[in-house]
Amino acid sequence: MSTHEETPEEHLPSEQREHGAEAVKRPENPFADPGLPPHEHRVQDIDEAAAKRSERAVAFLFALSMVATVGFIAAYVSVPQDKSIYVWPLGHISAMNFSLGMTLGIALFCIGAGAVHWARTLMSDVEIPDDRHEIGASPEVTAKVKADWVQGAKESGLGRRKLIRNTMLGALTLVPLSGVVLLRDLGPLPGTSLRHTAWKKGKLLVNMNTNEPLRPSDVVVGSLTFAKPEGLEEHDHDFQKEIAKAALMIVRLQPENIKDKRELDWSHEGIVAYSKICTHVGCPISLYEQQTHHALCPCHQSTFDLADGARVIFGPAGHALPQLRIGVNDEGYLEALGDFAEPVGPAFWERG
Amino acid sequence: MKKLSARRRHPLAAVVVLLLALAATGGLYAAFAPADKAKAEESAQSLTIEEGKKLYSVGCASCHGTGGQGTTDGPSLVGVGAAAVDFQVGTGRMPAQQPGAQVPKKKNIYSQAEIDQLAAYVSSLGAGPAVPTKKQYDPSGADIGKGGELFRTNCAQCHNFTGKGGALTHGKYAPDLNGVSPKHLYEAMQTGPQNMPSFPDSTMPEKNKKDIIAYVNAVNGDDTEHPGGLELGGLGPVSEGLFGWVFGLGTLIAVAVWIAARTAKAKKS
């Protein structure tokens, strides 16, 4: 024996070195299949009366389902739509909703419960082992498939009739283009529309409640008013699109409470007009606390100080709320002195 | 006594004195707290500013100042008007029990006659909105649909779309509107109590307020119908989704486990 062969011998367990390999008793297969436990019978397998009871129970559930379905149809036909009933613990509930839901629920539940009970008590529950078969197909089948493929390719004439082959490839290549073209619907690009709103110089501030233009005297300290630009009506086809950018909240502060110089310059006698659209993700933000002058966004709790240029004092918003510069026209109505100076709403890639 | 004075320079003496002083102040406050003890005797006298002033001196002056000018503990009442007094005292918010983020609604301890006297006194300090008449706030015949629109525009951001209320910043909140009388709803819109902004007649005319009251009564009253049943607080998809996931799916899982766990064998193992 060479040293090379002796060295590993040193590391073997001692009994193996002493008694040799045949001394170790191993079972033939340590992971042998223990087999199925002996089959146990159910009551229904032994007792015919119990089986009959189960059969009746299953039949009862199916029959109940039929009755419930008939009840559903009857409820649909007969229960008045506007009738309300009191059902504990649901409270005052529409009689039709309740009867339709209950009957359909019972009909479906009974089919399921009957099937489960049937399978558990009456269908055979003898355990059967089923060995896995080989994954690969037999050589004969493989050869047959190969031969069929070759014959099919020959019969189709794909190799011989080049015109057909090429036009088919062309057609298959072009078909997905219709899907690609539809991606155009993702556009067109917004262009500069995110930077402009319906406000412009001279547009009156129209009260959302009354649809009348506002006068400075209408807006008192501590009040909250929502306004839209003059000329934008609710039945306009683009009303939602425009108001989503132009929505305005108007509050009046004591001018001495306004801390921001620009805010004061852009206000009128303490009346300030701010965009109602949160600069975080564009929720309508108008949870205005009149004593603290804070406006809170209900979505992510961004808080803006309306007495200090609407700067962000809490939350994820990245910009102060844009302020609309307002004044009073010759007839004494509040008017915008231009569009918002910066884009309203959430930031976007090109906002800068 | 001698023993006591001998220990007056003890390091803990100051602490003991401070504790005693605090206990005395707290005890006195509890004994004379306005919410408990301000209940004045039933007054059969006619509504007068003088009577109101007396009530004011007992229940309100400690925070709002002897002449309603306001102190560091309470705002000036000059110009808030009778409607504000009727709302604040009528809903039990005032007199406040303690300072805090927001004064909560509690049991009102004044009679309507006393509230009227207080209101008369406060409105004599400076003109403000008057208590609305029944003709102004009675919602019968108002347009509930229009009220819904107005409510969603002006109120829903804080009070939830059916008036269930919601949280604001730093412990403040918009209260649930269920059970608030039409008069108090009207006065709240008119005067803007605490941190709520006001919605004066100049921007929200009387008719709009009536429509809003009619809407709130229709969707958030004690006998509001919920055709779907089990409104789950009326808070919208969060509570409904949670209920569906926890109880709906939970029931299905429990039933599936029960079916598989229960043996059908004759001999139970």
# chains A, B, ... in the order shown; residues from 1 in each chain; ligands from 1
$ residues_around --residues "Arg325 (chain A)" --least-positions-apart "5" --cutoff "9 Å" --atoms "only C-alpha atoms" --output "NGL selection string"
:A and (263 or 265-268 or 272-274 or 335-341)
$ write_last_selection --atoms "N, CA and C atoms" --output "mmCIF file, in the first residue's frame"
data_model
loop_
_atom_site.group_PDB
_atom_site.id
_atom_site.type_symbol
_atom_site.label_atom_id
_atom_site.label_comp_id
_atom_site.auth_asym_id
_atom_site.auth_seq_id
_atom_site.Cartn_x
_atom_site.Cartn_y
_atom_site.Cartn_z
ATOM 1 N N GLU A 263 -46.551 87.020 0.244
ATOM 2 C CA GLU A 263 -47.952 86.663 0.476
ATOM 3 C C GLU A 263 -48.777 87.912 0.723
ATOM 4 N N ASP A 265 -48.065 90.962 -0.276
ATOM 5 C CA ASP A 265 -48.154 91.738 -1.513
ATOM 6 C C ASP A 265 -49.212 91.170 -2.455
ATOM 7 N N TRP A 266 -49.354 89.865 -2.459
ATOM 8 C CA TRP A 266 -50.266 89.218 -3.398
ATOM 9 C C TRP A 266 -51.677 89.078 -2.838
ATOM 10 N N SER A 267 -51.871 89.527 -1.598
ATOM 11 C CA SER A 267 -53.196 89.417 -0.994
ATOM 12 C C SER A 267 -53.953 90.713 -1.223
ATOM 13 N N HIS A 268 -55.222 90.708 -0.827
ATOM 14 C CA HIS A 268 -55.990 91.946 -0.876
ATOM 15 C C HIS A 268 -56.669 92.137 0.468
ATOM 16 N N VAL A 272 -56.283 86.005 1.080
ATOM 17 C CA VAL A 272 -55.270 85.292 0.302
ATOM 18 C C VAL A 272 -55.937 84.130 -0.424
ATOM 19 N N ALA A 273 -55.435 83.850 -1.620
ATOM 20 C CA ALA A 273 -55.996 82.780 -2.447
ATOM 21 C C ALA A 273 -54.887 81.790 -2.749
ATOM 22 N N TYR A 274 -55.106 80.539 -2.310
ATOM 23 C CA TYR A 274 -54.098 79.500 -2.534
ATOM 24 C C TYR A 274 -54.680 78.367 -3.365
ATOM 25 N N GLU A 335 -60.533 89.817 -8.336
ATOM 26 C CA GLU A 335 -60.102 89.274 -9.625
ATOM 27 C C GLU A 335 -58.667 88.767 -9.506
ATOM 28 N N ALA A 336 -58.325 87.842 -10.406
ATOM 29 C CA ALA A 336 -56.954 87.345 -10.445
ATOM 30 C C ALA A 336 -56.091 88.360 -11.170
ATOM 31 N N LEU A 337 -54.845 88.507 -10.727
ATOM 32 C CA LEU A 337 -53.926 89.416 -11.420
ATOM 33 C C LEU A 337 -52.935 88.634 -12.261
ATOM 34 N N GLY A 338 -53.363 87.446 -12.690
ATOM 35 C CA GLY A 338 -52.494 86.608 -13.503
ATOM 36 C C GLY A 338 -52.708 85.151 -13.142
ATOM 37 N N ASP A 339 -51.966 84.275 -13.834
ATOM 38 C CA ASP A 339 -52.029 82.855 -13.497
ATOM 39 C C ASP A 339 -51.130 82.611 -12.282
ATOM 40 N N PHE A 340 -51.176 81.383 -11.739
ATOM 41 C CA PHE A 340 -50.232 81.023 -10.682
ATOM 42 C C PHE A 340 -48.811 81.205 -11.223
ATOM 43 N N ALA A 341 -47.901 81.661 -10.365
ATOM 44 C CA ALA A 341 -46.544 81.918 -10.825
ATOM 45 C C ALA A 341 -45.752 80.637 -11.025
#
$ interface_residues --of "chain B" --to "chain A" --cutoff "6 Å" --atoms "only C-alpha atoms" --output "PyMOL selection string"
chain B and resi 157-158+195-199+202+225-230+265-266
$ select_by_dssp --residues "region 5-160 of chain B" --states "helix (DSSP H, G or I)" --output "count of residues only"
84
$ closest_atom_pairs --of "region 18-116 of chain A" --to "region 129-147 of chain A" --cutoff "12 Å" --atoms "only C-alpha atoms" --output "Markdown table"
| residue | atom | partner | partner_atom | distance |
| --- | --- | --- | --- | --- |
| A:Asp33 | CA | A:Pro129 | CA | 11.1 |
| A:Gly35 | CA | A:Pro129 | CA | 8.8 |
| A:Leu36 | CA | A:Pro129 | CA | 8.1 |
| A:Pro37 | CA | A:Pro129 | CA | 11.5 |
$ write_last_selection --atoms "C-alpha atoms" --output "CSV table (one decimal), in the first residue's frame"
chain,number,residue,atom,x,y,z
A,33,ASP,CA,-41.5,3.5,2.2
A,35,GLY,CA,-46.4,1.9,3.4
A,36,LEU,CA,-49.9,3.1,4.2
A,37,PRO,CA,-51.4,2.7,7.6
$ residues_around --residues "Lys183 (chain B)" --least-positions-apart "4" --cutoff "9 Å" --atoms "only C-alpha atoms" --output "compact mmCIF listing (two decimals) with C-alpha atoms, in the first residue's frame"
# COMPACT_ATOMS: atom_id res chain seq x y z
CA PHE B 87 -73.52 76.93 20.09
CA VAL B 131 -79.06 83.09 17.11
CA PRO B 132 -80.89 81.78 14.03
CA THR B 133 -84.65 81.42 14.12
CA LYS B 134 -86.37 78.11 13.41
CA GLN B 136 -83.70 79.88 9.16
CA TYR B 137 -82.43 76.43 10.12
CA ASP B 138 -85.46 74.16 9.74
CA GLU B 187 -74.60 78.10 14.23
CA ALA B 188 -71.40 76.14 13.68
$ closest_residue --among "A:Pro27, A:Gly327, A:Pro322, A:Pro38" --to "Glu342 (chain A)" --atoms "only C-alpha atoms"
A:Pro322
$ closest_residue --among "A:Ile277, A:Leu205, A:Leu264, A:Ile111" --to "Val328 (chain A)" --atoms "only C-alpha atoms"
A:Leu205
$ atom_distance --atom1 "CA of Gly179 (chain B)" --atom2 "CA of Gly81 (chain B)"
23.8 Å
$ residues_around --residues "Gly191 (chain A)" --least-positions-apart "4" --cutoff "12 Å" --atoms "only C-alpha atoms" --output "short mmCIF file (atom, residue, chain, number, x, y, z; two decimals) with N, CA and C atoms, in the first residue's frame"
data_model
loop_
_atom_site.label_atom_id
_atom_site.label_comp_id
_atom_site.auth_asym_id
_atom_site.auth_seq_id
_atom_site.Cartn_x
_atom_site.Cartn_y
_atom_site.Cartn_z
N GLY A 187 -49.88 59.12 -24.80
CA GLY A 187 -49.61 60.53 -25.01
C GLY A 187 -50.87 61.27 -25.34
N ARG A 195 -48.16 73.69 -16.62
CA ARG A 195 -47.67 74.96 -16.06
C ARG A 195 -48.73 76.04 -16.07
N HIS A 196 -49.86 75.78 -16.73
CA HIS A 196 -50.89 76.81 -16.82
C HIS A 196 -52.20 76.30 -16.27
N PHE A 348 -43.31 67.40 -11.19
CA PHE A 348 -43.14 66.48 -12.31
C PHE A 348 -41.72 66.62 -12.83
N GLU A 350 -40.06 67.57 -15.44
CA GLU A 350 -39.46 68.78 -16.04
C GLU A 350 -39.78 70.03 -15.25
N ARG A 351 -40.36 69.92 -14.02
CA ARG A 351 -40.83 71.10 -13.31
C ARG A 351 -39.69 72.08 -13.02
#
$ residues_around --residues "Ala119 (chain B)" --least-positions-apart "2" --cutoff "8 Å" --atoms "only C-alpha atoms" --output "PyMOL selection string"
chain B and resi 52+81-83+85-86+115-117+121-123
$ closest_residue --among "B:Val103, B:Ile49, B:Val216, B:Ala96" --to "Arg152 (chain B)" --atoms "only C-alpha atoms"
B:Val216
$ residues_around --residues "Gly112 (chain A)" --least-positions-apart "6" --cutoff "12 Å" --atoms "only C-alpha atoms" --output "list in words"
Val58, Leu61, Phe62, Leu64, Ser65, Gly105, Ile106, Trp118 and Ala119 of chain A; Val255, Ala256 and Ile259 of chain B
$ residues_around --residues "Ala101 (chain B)" --least-positions-apart "3" --cutoff "8 Å" --atoms "only C-alpha atoms" --output "list of chain:residue names"
B:His170, B:Gly171, B:Lys172
$ write_last_selection --atoms "N, CA and C atoms" --output "PDB file, in the first residue's frame"
ATOM      1  N   HIS B 170     -52.303  67.685  15.627  1.00  0.00           N
ATOM      2  CA  HIS B 170     -51.994  67.895  17.043  1.00  0.00           C
ATOM      3  C   HIS B 170     -53.173  67.671  17.978  1.00  0.00           C
ATOM      4  N   GLY B 171     -53.873  66.566  17.810  1.00  0.00           N
ATOM      5  CA  GLY B 171     -54.949  66.227  18.732  1.00  0.00           C
ATOM      6  C   GLY B 171     -56.270  66.890  18.431  1.00  0.00           C
ATOM      7  N   LYS B 172     -56.301  67.790  17.468  1.00  0.00           N
ATOM      8  CA  LYS B 172     -57.580  68.393  17.103  1.00  0.00           C
ATOM      9  C   LYS B 172     -58.331  67.418  16.199  1.00  0.00           C
TER      10      LYS B 172
END
$ select_by_dssp --residues "region 140-324 of chain A" --states "strand (DSSP E or B)" --output "ChimeraX atom specification"
/A:204-207,213,223-229,248-252,268,271-275,277,284,287-289,294-296,303-305,311-314,323-324
